[in-house]
Each structure stands twice: as structure tokens, then as C-alpha cells.
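Just target34.txt here, compact mmCIF, N, CA and C atoms:
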```
# COMPACT_ATOMS: atom_id res chain seq x y z
N MET C 1 95.13 90.76 101.71
CA MET C 1 94.68 91.70 102.72
C MET C 1 93.97 92.86 102.01
N ASP C 2 92.74 93.07 102.34
CA ASP C 2 91.95 94.13 101.74
C ASP C 2 91.51 95.14 102.79
N PHE C 3 91.36 96.39 102.35
CA PHE C 3 90.80 97.44 103.17
C PHE C 3 89.84 98.22 102.29
N LEU C 4 88.58 98.27 102.68
CA LEU C 4 87.52 98.90 101.89
C LEU C 4 87.39 98.25 100.52
N GLY C 5 87.67 96.96 100.45
CA GLY C 5 87.54 96.23 99.20
C GLY C 5 88.68 96.47 98.22
N ILE C 6 89.74 97.13 98.68
CA ILE C 6 90.89 97.42 97.82
C ILE C 6 92.10 96.72 98.41
N SER C 7 92.85 96.04 97.55
CA SER C 7 94.02 95.29 98.02
C SER C 7 95.14 96.25 98.44
N PHE C 8 96.04 95.73 99.27
CA PHE C 8 97.18 96.52 99.73
C PHE C 8 98.03 96.98 98.54
N THR C 9 98.18 96.12 97.56
CA THR C 9 98.95 96.47 96.36
C THR C 9 98.34 97.68 95.66
N GLU C 10 97.02 97.68 95.52
CA GLU C 10 96.35 98.82 94.89
C GLU C 10 96.51 100.08 95.72
N TRP C 11 96.46 99.96 97.05
CA TRP C 11 96.66 101.13 97.91
C TRP C 11 98.03 101.74 97.69
N VAL C 12 99.05 100.91 97.52
CA VAL C 12 100.39 101.42 97.24
C VAL C 12 100.38 102.16 95.90
N GLY C 13 99.72 101.62 94.91
CA GLY C 13 99.60 102.29 93.61
C GLY C 13 98.87 103.62 93.70
N TYR C 14 97.79 103.65 94.46
CA TYR C 14 97.05 104.91 94.64
C TYR C 14 97.89 105.94 95.40
N ALA C 15 98.64 105.50 96.40
CA ALA C 15 99.51 106.42 97.14
C ALA C 15 100.60 106.98 96.23
N ALA C 16 101.15 106.13 95.38
CA ALA C 16 102.17 106.59 94.43
C ALA C 16 101.59 107.62 93.48
N MET C 17 100.41 107.34 92.96
CA MET C 17 99.75 108.26 92.05
C MET C 17 99.48 109.60 92.72
N ALA C 18 99.01 109.55 93.96
CA ALA C 18 98.70 110.78 94.69
C ALA C 18 99.96 111.62 94.92
N MET C 19 101.07 110.96 95.26
CA MET C 19 102.32 111.69 95.49
C MET C 19 102.80 112.35 94.20
N LEU C 20 102.72 111.64 93.10
CA LEU C 20 103.15 112.24 91.83
C LEU C 20 102.26 113.42 91.45
N LEU C 21 100.97 113.26 91.61
CA LEU C 21 100.07 114.38 91.31
C LEU C 21 100.34 115.56 92.23
N LEU C 22 100.56 115.29 93.50
CA LEU C 22 100.87 116.34 94.46
C LEU C 22 102.15 117.07 94.09
N SER C 23 103.15 116.34 93.60
CA SER C 23 104.43 116.96 93.26
C SER C 23 104.27 118.02 92.17
N PHE C 24 103.30 117.85 91.29
CA PHE C 24 103.12 118.82 90.21
C PHE C 24 102.45 120.11 90.68
N THR C 25 102.01 120.15 91.92
CA THR C 25 101.44 121.39 92.46
C THR C 25 102.49 122.23 93.17
N MET C 26 103.72 121.71 93.31
CA MET C 26 104.77 122.39 94.05
C MET C 26 105.40 123.50 93.21
N LYS C 27 105.66 124.63 93.85
CA LYS C 27 106.34 125.72 93.16
C LYS C 27 107.85 125.62 93.36
N ALA C 28 108.27 125.18 94.53
CA ALA C 28 109.70 125.04 94.82
C ALA C 28 110.21 123.74 94.20
N VAL C 29 111.26 123.85 93.40
CA VAL C 29 111.77 122.70 92.68
C VAL C 29 112.29 121.63 93.63
N THR C 30 112.96 122.02 94.70
CA THR C 30 113.49 121.04 95.64
C THR C 30 112.36 120.24 96.28
N LYS C 31 111.31 120.92 96.70
CA LYS C 31 110.17 120.23 97.30
C LYS C 31 109.50 119.32 96.27
N LEU C 32 109.40 119.80 95.04
CA LEU C 32 108.82 118.99 93.96
C LEU C 32 109.61 117.70 93.79
N ARG C 33 110.93 117.80 93.75
CA ARG C 33 111.77 116.62 93.56
C ARG C 33 111.66 115.64 94.73
N ILE C 34 111.55 116.15 95.93
CA ILE C 34 111.43 115.27 97.10
C ILE C 34 110.10 114.51 97.05
N VAL C 35 109.01 115.22 96.84
CA VAL C 35 107.69 114.58 96.79
C VAL C 35 107.60 113.64 95.59
N ASN C 36 108.14 114.06 94.46
CA ASN C 36 108.13 113.21 93.27
C ASN C 36 108.97 111.96 93.49
N SER C 37 110.08 112.09 94.20
CA SER C 37 110.93 110.92 94.50
C SER C 37 110.19 109.91 95.36
N ILE C 38 109.43 110.39 96.32
CA ILE C 38 108.64 109.49 97.17
C ILE C 38 107.62 108.75 96.31
N GLY C 39 106.96 109.48 95.41
CA GLY C 39 105.99 108.86 94.50
C GLY C 39 106.64 107.83 93.60
N CYS C 40 107.81 108.15 93.07
CA CYS C 40 108.53 107.20 92.21
C CYS C 40 108.93 105.95 92.98
N LEU C 41 109.41 106.14 94.21
CA LEU C 41 109.79 105.00 95.03
C LEU C 41 108.58 104.11 95.30
N LEU C 42 107.44 104.72 95.58
CA LEU C 42 106.22 103.95 95.79
C LEU C 42 105.82 103.20 94.52
N PHE C 43 106.01 103.83 93.36
CA PHE C 43 105.70 103.14 92.10
C PHE C 43 106.64 101.98 91.85
N VAL C 44 107.91 102.12 92.22
CA VAL C 44 108.84 101.01 92.08
C VAL C 44 108.39 99.84 92.97
N ILE C 45 108.03 100.15 94.20
CA ILE C 45 107.53 99.12 95.12
C ILE C 45 106.27 98.47 94.54
N TYR C 46 105.37 99.31 94.04
CA TYR C 46 104.13 98.82 93.42
C TYR C 46 104.43 97.89 92.25
N GLY C 47 105.40 98.26 91.42
CA GLY C 47 105.78 97.44 90.28
C GLY C 47 106.25 96.05 90.70
N PHE C 48 106.99 95.99 91.82
CA PHE C 48 107.45 94.70 92.32
C PHE C 48 106.31 93.89 92.96
N MET C 49 105.31 94.58 93.47
CA MET C 49 104.19 93.89 94.13
C MET C 49 103.22 93.26 93.13
N LEU C 50 103.20 93.77 91.91
CA LEU C 50 102.28 93.24 90.90
C LEU C 50 102.71 91.85 90.47
N ASP C 51 101.74 91.06 90.05
CA ASP C 51 102.04 89.72 89.58
C ASP C 51 101.49 89.56 88.18
N PRO C 52 102.28 89.47 87.15
CA PRO C 52 103.75 89.43 87.17
C PRO C 52 104.34 90.81 87.42
N ILE C 53 105.62 90.83 87.78
CA ILE C 53 106.32 92.08 88.05
C ILE C 53 106.22 92.99 86.83
N ALA C 54 105.93 94.28 87.07
CA ALA C 54 105.76 95.24 85.98
C ALA C 54 107.08 95.98 85.72
N LYS C 55 107.89 95.40 84.85
CA LYS C 55 109.21 95.97 84.58
C LYS C 55 109.16 97.39 84.02
N PRO C 56 108.22 97.73 83.12
CA PRO C 56 108.19 99.11 82.63
C PRO C 56 107.95 100.14 83.74
N ILE C 57 107.10 99.81 84.69
CA ILE C 57 106.84 100.72 85.82
C ILE C 57 108.09 100.86 86.66
N ILE C 58 108.76 99.75 86.92
CA ILE C 58 109.96 99.76 87.76
C ILE C 58 111.08 100.54 87.08
N ILE C 59 111.32 100.27 85.80
CA ILE C 59 112.43 100.92 85.08
C ILE C 59 112.19 102.42 84.95
N THR C 60 111.01 102.81 84.51
CA THR C 60 110.71 104.23 84.31
C THR C 60 110.82 105.02 85.61
N ASN C 61 110.15 104.55 86.64
CA ASN C 61 110.14 105.29 87.90
C ASN C 61 111.48 105.20 88.62
N GLY C 62 112.20 104.09 88.45
CA GLY C 62 113.54 103.99 89.00
C GLY C 62 114.47 105.00 88.36
N ALA C 63 114.36 105.18 87.04
CA ALA C 63 115.18 106.17 86.34
C ALA C 63 114.84 107.59 86.78
N ILE C 64 113.55 107.90 86.89
CA ILE C 64 113.14 109.23 87.35
C ILE C 64 113.63 109.48 88.77
N LEU C 65 113.55 108.46 89.62
CA LEU C 65 114.04 108.57 90.99
C LEU C 65 115.54 108.89 90.99
N CYS C 66 116.31 108.22 90.15
CA CYS C 66 117.75 108.49 90.07
C CYS C 66 118.04 109.92 89.61
N VAL C 67 117.29 110.41 88.64
CA VAL C 67 117.47 111.79 88.17
C VAL C 67 117.15 112.77 89.30
N ASN C 68 116.04 112.54 89.99
CA ASN C 68 115.67 113.41 91.11
C ASN C 68 116.75 113.40 92.19
N LEU C 69 117.22 112.22 92.55
CA LEU C 69 118.25 112.13 93.59
C LEU C 69 119.55 112.80 93.16
N TYR C 70 119.89 112.68 91.88
CA TYR C 70 121.10 113.33 91.37
C TYR C 70 121.02 114.83 91.61
N TYR C 71 119.90 115.45 91.20
CA TYR C 71 119.76 116.89 91.34
C TYR C 71 119.58 117.32 92.80
N LEU C 72 118.97 116.48 93.62
CA LEU C 72 118.83 116.82 95.04
C LEU C 72 120.17 116.78 95.75
N LEU C 73 120.99 115.80 95.42
CA LEU C 73 122.28 115.64 96.08
C LEU C 73 123.37 116.53 95.47
N LYS C 74 123.15 117.00 94.26
CA LYS C 74 124.10 117.87 93.57
C LYS C 74 124.20 119.23 94.27
N LYS C 75 123.11 119.71 94.83
CA LYS C 75 123.08 121.03 95.46
C LYS C 75 123.83 121.06 96.75
```

Any chance you could put this one into C-alpha cells?
Amino acid sequence: MDFLGISFTEWVGYAAMAMLLLSFTMKAVTKLRIVNSIGCLLFVIYGFMLDPIAKPIIITNGAILCVNLYYLLKK
């Protein structure tokens, strides 16, 4: 399935990239962690969508997601 000549998998990757970039513009740490967590989750999904599965993307972003969730839920 393509939209504007870009596959759905690539759109998920671009959305993940945009969320991570957006998170670095946040001044409030809580908001940064929430937006960054969404980006990491999208990257994990993107990693599973790639063929073959991209384990480094999944592991790295999964770990960052866990760190973000730890600090978000700790408060």
C-alpha cells in the first residue's frame, strides 16, 4: 500500500522520526518524555514492519521507551 509513492512502512518511520525530533524542542521534561515515548513506540513498530526485522532499532527504542515510562510513572 503506497501513498504519494511512499510505502506505509516508510510513513511509520517518518512519523517516528518526526516525533523524536519534535520531542527535542520541548522545554518541559514530562512533555518531552511523552512525545519521545510515542516516537520510540513508532520506531519499535517500524522495526517490526521492516523485512528482515530490524532488531537494533527495536532494542534501542524499546529500551528508551522503558526508561521514559519509568520516569513518567515514577512521579

Selection: 7 Å around region 54-71 of chain C, only C-alpha atoms, excl. self and same-chain fewer than 4 positions, as a PyMOL selection string: chain C and resi 33+37+40-41+43-44+47-48+50+75

How would the residues just chosen look if you wrote them out with N, CA and C atoms as a tab-separated table (two decimals), in the frame of the given file?
```
chain	number	residue	atom	x	y	z
C	33	ARG	N	110.93	117.80	93.75
C	33	ARG	CA	111.77	116.62	93.56
C	33	ARG	C	111.66	115.64	94.73
C	37	SER	N	110.08	112.09	94.20
C	37	SER	CA	110.93	110.92	94.50
C	37	SER	C	110.19	109.91	95.36
C	40	CYS	N	107.81	108.15	93.07
C	40	CYS	CA	108.53	107.20	92.21
C	40	CYS	C	108.93	105.95	92.98
C	41	LEU	N	109.41	106.14	94.21
C	41	LEU	CA	109.79	105.00	95.03
C	41	LEU	C	108.58	104.11	95.30
C	43	PHE	N	106.01	103.83	93.36
C	43	PHE	CA	105.70	103.14	92.10
C	43	PHE	C	106.64	101.98	91.85
C	44	VAL	N	107.91	102.12	92.22
C	44	VAL	CA	108.84	101.01	92.08
C	44	VAL	C	108.39	99.84	92.97
C	47	GLY	N	105.40	98.26	91.42
C	47	GLY	CA	105.78	97.44	90.28
C	47	GLY	C	106.25	96.05	90.70
C	48	PHE	N	106.99	95.99	91.82
C	48	PHE	CA	107.45	94.70	92.32
C	48	PHE	C	106.31	93.89	92.96
C	50	LEU	N	103.20	93.77	91.91
C	50	LEU	CA	102.28	93.24	90.90
C	50	LEU	C	102.71	91.85	90.47
C	75	LYS	N	123.11	119.71	94.83
C	75	LYS	CA	123.08	121.03	95.46
C	75	LYS	C	123.83	121.06	96.75
```

Kindly provide, as JSON, the centre and edge lengths (Å, one decimal) of an axis-aligned box around all atoms of region 69-74 of chain C given in the file, with 4 Å on each side.
```
{"center_x": 120.7, "center_y": 115.7, "center_z": 93.6, "size_x": 15.0, "size_y": 15.1, "size_z": 12.9}
```

I'd like the neighbourhood of Leu32 (chain C) as a VMD selection string, where a residue qualifies if any of its atoms comes within 12 Å (using only C-alpha atoms), though same-chain residues fewer than 2 positions away should be ignored. chain C and resid 19 to 30 34 to 40 68 to 69 71 to 72

Would you mind exporting the chosen residues as an mmCIF file, in the coordinates of the input, restricted to N, CA and C atoms?
```cif
data_model
loop_
_atom_site.group_PDB
_atom_site.id
_atom_site.type_symbol
_atom_site.label_atom_id
_atom_site.label_comp_id
_atom_site.auth_asym_id
_atom_site.auth_seq_id
_atom_site.Cartn_x
_atom_site.Cartn_y
_atom_site.Cartn_z
ATOM 1 N N MET C 19 101.070 110.960 95.260
ATOM 2 C CA MET C 19 102.320 111.690 95.490
ATOM 3 C C MET C 19 102.800 112.350 94.200
ATOM 4 N N LEU C 20 102.720 111.640 93.100
ATOM 5 C CA LEU C 20 103.150 112.240 91.830
ATOM 6 C C LEU C 20 102.260 113.420 91.450
ATOM 7 N N LEU C 21 100.970 113.260 91.610
ATOM 8 C CA LEU C 21 100.070 114.380 91.310
ATOM 9 C C LEU C 21 100.340 115.560 92.230
ATOM 10 N N LEU C 22 100.560 115.290 93.500
ATOM 11 C CA LEU C 22 100.870 116.340 94.460
ATOM 12 C C LEU C 22 102.150 117.070 94.090
ATOM 13 N N SER C 23 103.150 116.340 93.600
ATOM 14 C CA SER C 23 104.430 116.960 93.260
ATOM 15 C C SER C 23 104.270 118.020 92.170
ATOM 16 N N PHE C 24 103.300 117.850 91.290
ATOM 17 C CA PHE C 24 103.120 118.820 90.210
ATOM 18 C C PHE C 24 102.450 120.110 90.680
ATOM 19 N N THR C 25 102.010 120.150 91.920
ATOM 20 C CA THR C 25 101.440 121.390 92.460
ATOM 21 C C THR C 25 102.490 122.230 93.170
ATOM 22 N N MET C 26 103.720 121.710 93.310
ATOM 23 C CA MET C 26 104.770 122.390 94.050
ATOM 24 C C MET C 26 105.400 123.500 93.210
ATOM 25 N N LYS C 27 105.660 124.630 93.850
ATOM 26 C CA LYS C 27 106.340 125.720 93.160
ATOM 27 C C LYS C 27 107.850 125.620 93.360
ATOM 28 N N ALA C 28 108.270 125.180 94.530
ATOM 29 C CA ALA C 28 109.700 125.040 94.820
ATOM 30 C C ALA C 28 110.210 123.740 94.200
ATOM 31 N N VAL C 29 111.260 123.850 93.400
ATOM 32 C CA VAL C 29 111.770 122.700 92.680
ATOM 33 C C VAL C 29 112.290 121.630 93.630
ATOM 34 N N THR C 30 112.960 122.020 94.700
ATOM 35 C CA THR C 30 113.490 121.040 95.640
ATOM 36 C C THR C 30 112.360 120.240 96.280
ATOM 37 N N ILE C 34 111.550 116.150 95.930
ATOM 38 C CA ILE C 34 111.430 115.270 97.100
ATOM 39 C C ILE C 34 110.100 114.510 97.050
ATOM 40 N N VAL C 35 109.010 115.220 96.840
ATOM 41 C CA VAL C 35 107.690 114.580 96.790
ATOM 42 C C VAL C 35 107.600 113.640 95.590
ATOM 43 N N ASN C 36 108.140 114.060 94.460
ATOM 44 C CA ASN C 36 108.130 113.210 93.270
ATOM 45 C C ASN C 36 108.970 111.960 93.490
ATOM 46 N N SER C 37 110.080 112.090 94.200
ATOM 47 C CA SER C 37 110.930 110.920 94.500
ATOM 48 C C SER C 37 110.190 109.910 95.360
ATOM 49 N N ILE C 38 109.430 110.390 96.320
ATOM 50 C CA ILE C 38 108.640 109.490 97.170
ATOM 51 C C ILE C 38 107.620 108.750 96.310
ATOM 52 N N GLY C 39 106.960 109.480 95.410
ATOM 53 C CA GLY C 39 105.990 108.860 94.500
ATOM 54 C C GLY C 39 106.640 107.830 93.600
ATOM 55 N N CYS C 40 107.810 108.150 93.070
ATOM 56 C CA CYS C 40 108.530 107.200 92.210
ATOM 57 C C CYS C 40 108.930 105.950 92.980
ATOM 58 N N ASN C 68 116.040 112.540 89.990
ATOM 59 C CA ASN C 68 115.670 113.410 91.110
ATOM 60 C C ASN C 68 116.750 113.400 92.190
ATOM 61 N N LEU C 69 117.220 112.220 92.550
ATOM 62 C CA LEU C 69 118.250 112.130 93.590
ATOM 63 C C LEU C 69 119.550 112.800 93.160
ATOM 64 N N TYR C 71 119.900 115.450 91.200
ATOM 65 C CA TYR C 71 119.760 116.890 91.340
ATOM 66 C C TYR C 71 119.580 117.320 92.800
ATOM 67 N N LEU C 72 118.970 116.480 93.620
ATOM 68 C CA LEU C 72 118.830 116.820 95.040
ATOM 69 C C LEU C 72 120.170 116.780 95.750
#
```

Atomic separation - CA of Ile45 (chain C) relative to atom C of Glu10 (chain C), Å: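 CA of Ile45 (chain C) lies at a distance of 11.1 Å from atom C of Glu10 (chain C).
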
From chain C, collect each residue whose DSSP state is helix (DSSP H, G or I) and return the set as an mmCIF file with N, CA and C atoms, in the frame of the given file.
```cif
data_model
loop_
_atom_site.group_PDB
_atom_site.id
_atom_site.type_symbol
_atom_site.label_atom_id
_atom_site.label_comp_id
_atom_site.auth_asym_id
_atom_site.auth_seq_id
_atom_site.Cartn_x
_atom_site.Cartn_y
_atom_site.Cartn_z
ATOM 1 N N PHE C 8 96.040 95.730 99.270
ATOM 2 C CA PHE C 8 97.180 96.520 99.730
ATOM 3 C C PHE C 8 98.030 96.980 98.540
ATOM 4 N N THR C 9 98.180 96.120 97.560
ATOM 5 C CA THR C 9 98.950 96.470 96.360
ATOM 6 C C THR C 9 98.340 97.680 95.660
ATOM 7 N N GLU C 10 97.020 97.680 95.520
ATOM 8 C CA GLU C 10 96.350 98.820 94.890
ATOM 9 C C GLU C 10 96.510 100.080 95.720
ATOM 10 N N TRP C 11 96.460 99.960 97.050
ATOM 11 C CA TRP C 11 96.660 101.130 97.910
ATOM 12 C C TRP C 11 98.030 101.740 97.690
ATOM 13 N N VAL C 12 99.050 100.910 97.520
ATOM 14 C CA VAL C 12 100.390 101.420 97.240
ATOM 15 C C VAL C 12 100.380 102.160 95.900
ATOM 16 N N GLY C 13 99.720 101.620 94.910
ATOM 17 C CA GLY C 13 99.600 102.290 93.610
ATOM 18 C C GLY C 13 98.870 103.620 93.700
ATOM 19 N N TYR C 14 97.790 103.650 94.460
ATOM 20 C CA TYR C 14 97.050 104.910 94.640
ATOM 21 C C TYR C 14 97.890 105.940 95.400
ATOM 22 N N ALA C 15 98.640 105.500 96.400
ATOM 23 C CA ALA C 15 99.510 106.420 97.140
ATOM 24 C C ALA C 15 100.600 106.980 96.230
ATOM 25 N N ALA C 16 101.150 106.130 95.380
ATOM 26 C CA ALA C 16 102.170 106.590 94.430
ATOM 27 C C ALA C 16 101.590 107.620 93.480
ATOM 28 N N MET C 17 100.410 107.340 92.960
ATOM 29 C CA MET C 17 99.750 108.260 92.050
ATOM 30 C C MET C 17 99.480 109.600 92.720
ATOM 31 N N ALA C 18 99.010 109.550 93.960
ATOM 32 C CA ALA C 18 98.700 110.780 94.690
ATOM 33 C C ALA C 18 99.960 111.620 94.920
ATOM 34 N N MET C 19 101.070 110.960 95.260
ATOM 35 C CA MET C 19 102.320 111.690 95.490
ATOM 36 C C MET C 19 102.800 112.350 94.200
ATOM 37 N N LEU C 20 102.720 111.640 93.100
ATOM 38 C CA LEU C 20 103.150 112.240 91.830
ATOM 39 C C LEU C 20 102.260 113.420 91.450
ATOM 40 N N LEU C 21 100.970 113.260 91.610
ATOM 41 C CA LEU C 21 100.070 114.380 91.310
ATOM 42 C C LEU C 21 100.340 115.560 92.230
ATOM 43 N N LEU C 22 100.560 115.290 93.500
ATOM 44 C CA LEU C 22 100.870 116.340 94.460
ATOM 45 C C LEU C 22 102.150 117.070 94.090
ATOM 46 N N SER C 23 103.150 116.340 93.600
ATOM 47 C CA SER C 23 104.430 116.960 93.260
ATOM 48 C C SER C 23 104.270 118.020 92.170
ATOM 49 N N VAL C 29 111.260 123.850 93.400
ATOM 50 C CA VAL C 29 111.770 122.700 92.680
ATOM 51 C C VAL C 29 112.290 121.630 93.630
ATOM 52 N N THR C 30 112.960 122.020 94.700
ATOM 53 C CA THR C 30 113.490 121.040 95.640
ATOM 54 C C THR C 30 112.360 120.240 96.280
ATOM 55 N N LYS C 31 111.310 120.920 96.700
ATOM 56 C CA LYS C 31 110.170 120.230 97.300
ATOM 57 C C LYS C 31 109.500 119.320 96.270
ATOM 58 N N LEU C 32 109.400 119.800 95.040
ATOM 59 C CA LEU C 32 108.820 118.990 93.960
ATOM 60 C C LEU C 32 109.610 117.700 93.790
ATOM 61 N N ARG C 33 110.930 117.800 93.750
ATOM 62 C CA ARG C 33 111.770 116.620 93.560
ATOM 63 C C ARG C 33 111.660 115.640 94.730
ATOM 64 N N ILE C 34 111.550 116.150 95.930
ATOM 65 C CA ILE C 34 111.430 115.270 97.100
ATOM 66 C C ILE C 34 110.100 114.510 97.050
ATOM 67 N N VAL C 35 109.010 115.220 96.840
ATOM 68 C CA VAL C 35 107.690 114.580 96.790
ATOM 69 C C VAL C 35 107.600 113.640 95.590
ATOM 70 N N ASN C 36 108.140 114.060 94.460
ATOM 71 C CA ASN C 36 108.130 113.210 93.270
ATOM 72 C C ASN C 36 108.970 111.960 93.490
ATOM 73 N N SER C 37 110.080 112.090 94.200
ATOM 74 C CA SER C 37 110.930 110.920 94.500
ATOM 75 C C SER C 37 110.190 109.910 95.360
ATOM 76 N N ILE C 38 109.430 110.390 96.320
ATOM 77 C CA ILE C 38 108.640 109.490 97.170
ATOM 78 C C ILE C 38 107.620 108.750 96.310
ATOM 79 N N GLY C 39 106.960 109.480 95.410
ATOM 80 C CA GLY C 39 105.990 108.860 94.500
ATOM 81 C C GLY C 39 106.640 107.830 93.600
ATOM 82 N N CYS C 40 107.810 108.150 93.070
ATOM 83 C CA CYS C 40 108.530 107.200 92.210
ATOM 84 C C CYS C 40 108.930 105.950 92.980
ATOM 85 N N LEU C 41 109.410 106.140 94.210
ATOM 86 C CA LEU C 41 109.790 105.000 95.030
ATOM 87 C C LEU C 41 108.580 104.110 95.300
ATOM 88 N N LEU C 42 107.440 104.720 95.580
ATOM 89 C CA LEU C 42 106.220 103.950 95.790
ATOM 90 C C LEU C 42 105.820 103.200 94.520
ATOM 91 N N PHE C 43 106.010 103.830 93.360
ATOM 92 C CA PHE C 43 105.700 103.140 92.100
ATOM 93 C C PHE C 43 106.640 101.980 91.850
ATOM 94 N N VAL C 44 107.910 102.120 92.220
ATOM 95 C CA VAL C 44 108.840 101.010 92.080
ATOM 96 C C VAL C 44 108.390 99.840 92.970
ATOM 97 N N ILE C 45 108.030 100.150 94.200
ATOM 98 C CA ILE C 45 107.530 99.120 95.120
ATOM 99 C C ILE C 45 106.270 98.470 94.540
ATOM 100 N N TYR C 46 105.370 99.310 94.040
ATOM 101 C CA TYR C 46 104.130 98.820 93.420
ATOM 102 C C TYR C 46 104.430 97.890 92.250
ATOM 103 N N GLY C 47 105.400 98.260 91.420
ATOM 104 C CA GLY C 47 105.780 97.440 90.280
ATOM 105 C C GLY C 47 106.250 96.050 90.700
ATOM 106 N N PHE C 48 106.990 95.990 91.820
ATOM 107 C CA PHE C 48 107.450 94.700 92.320
ATOM 108 C C PHE C 48 106.310 93.890 92.960
ATOM 109 N N MET C 49 105.310 94.580 93.470
ATOM 110 C CA MET C 49 104.190 93.890 94.130
ATOM 111 C C MET C 49 103.220 93.260 93.130
ATOM 112 N N LYS C 55 107.890 95.400 84.850
ATOM 113 C CA LYS C 55 109.210 95.970 84.580
ATOM 114 C C LYS C 55 109.160 97.390 84.020
ATOM 115 N N PRO C 56 108.220 97.730 83.120
ATOM 116 C CA PRO C 56 108.190 99.110 82.630
ATOM 117 C C PRO C 56 107.950 100.140 83.740
ATOM 118 N N ILE C 57 107.100 99.810 84.690
ATOM 119 C CA ILE C 57 106.840 100.720 85.820
ATOM 120 C C ILE C 57 108.090 100.860 86.660
ATOM 121 N N ILE C 58 108.760 99.750 86.920
ATOM 122 C CA ILE C 58 109.960 99.760 87.760
ATOM 123 C C ILE C 58 111.080 100.540 87.080
ATOM 124 N N ILE C 59 111.320 100.270 85.800
ATOM 125 C CA ILE C 59 112.430 100.920 85.080
ATOM 126 C C ILE C 59 112.190 102.420 84.950
ATOM 127 N N THR C 60 111.010 102.810 84.510
ATOM 128 C CA THR C 60 110.710 104.230 84.310
ATOM 129 C C THR C 60 110.820 105.020 85.610
ATOM 130 N N ASN C 61 110.150 104.550 86.640
ATOM 131 C CA ASN C 61 110.140 105.290 87.900
ATOM 132 C C ASN C 61 111.480 105.200 88.620
ATOM 133 N N GLY C 62 112.200 104.090 88.450
ATOM 134 C CA GLY C 62 113.540 103.990 89.000
ATOM 135 C C GLY C 62 114.470 105.000 88.360
ATOM 136 N N ALA C 63 114.360 105.180 87.040
ATOM 137 C CA ALA C 63 115.180 106.170 86.340
ATOM 138 C C ALA C 63 114.840 107.590 86.780
ATOM 139 N N ILE C 64 113.550 107.900 86.890
ATOM 140 C CA ILE C 64 113.140 109.230 87.350
ATOM 141 C C ILE C 64 113.630 109.480 88.770
ATOM 142 N N LEU C 65 113.550 108.460 89.620
ATOM 143 C CA LEU C 65 114.040 108.570 90.990
ATOM 144 C C LEU C 65 115.540 108.890 90.990
ATOM 145 N N CYS C 66 116.310 108.220 90.150
ATOM 146 C CA CYS C 66 117.750 108.490 90.070
ATOM 147 C C CYS C 66 118.040 109.920 89.610
ATOM 148 N N VAL C 67 117.290 110.410 88.640
ATOM 149 C CA VAL C 67 117.470 111.790 88.170
ATOM 150 C C VAL C 67 117.150 112.770 89.300
ATOM 151 N N ASN C 68 116.040 112.540 89.990
ATOM 152 C CA ASN C 68 115.670 113.410 91.110
ATOM 153 C C ASN C 68 116.750 113.400 92.190
ATOM 154 N N LEU C 69 117.220 112.220 92.550
ATOM 155 C CA LEU C 69 118.250 112.130 93.590
ATOM 156 C C LEU C 69 119.550 112.800 93.160
ATOM 157 N N TYR C 70 119.890 112.680 91.880
ATOM 158 C CA TYR C 70 121.100 113.330 91.370
ATOM 159 C C TYR C 70 121.020 114.830 91.610
ATOM 160 N N TYR C 71 119.900 115.450 91.200
ATOM 161 C CA TYR C 71 119.760 116.890 91.340
ATOM 162 C C TYR C 71 119.580 117.320 92.800
ATOM 163 N N LEU C 72 118.970 116.480 93.620
ATOM 164 C CA LEU C 72 118.830 116.820 95.040
ATOM 165 C C LEU C 72 120.170 116.780 95.750
ATOM 166 N N LEU C 73 120.990 115.800 95.420
ATOM 167 C CA LEU C 73 122.280 115.640 96.080
ATOM 168 C C LEU C 73 123.370 116.530 95.470
ATOM 169 N N LYS C 74 123.150 117.000 94.260
ATOM 170 C CA LYS C 74 124.100 117.870 93.570
ATOM 171 C C LYS C 74 124.200 119.230 94.270
#
```

Would you mind reading off the distance between CA of Met49 (chain C) and atom N of Lys31 (chain C), one decimal, in Å? 28.1 Å

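In this structure, atom C of Asp51 (chain C) sits 22.4 Å away from CA of Ala18 (chain C).
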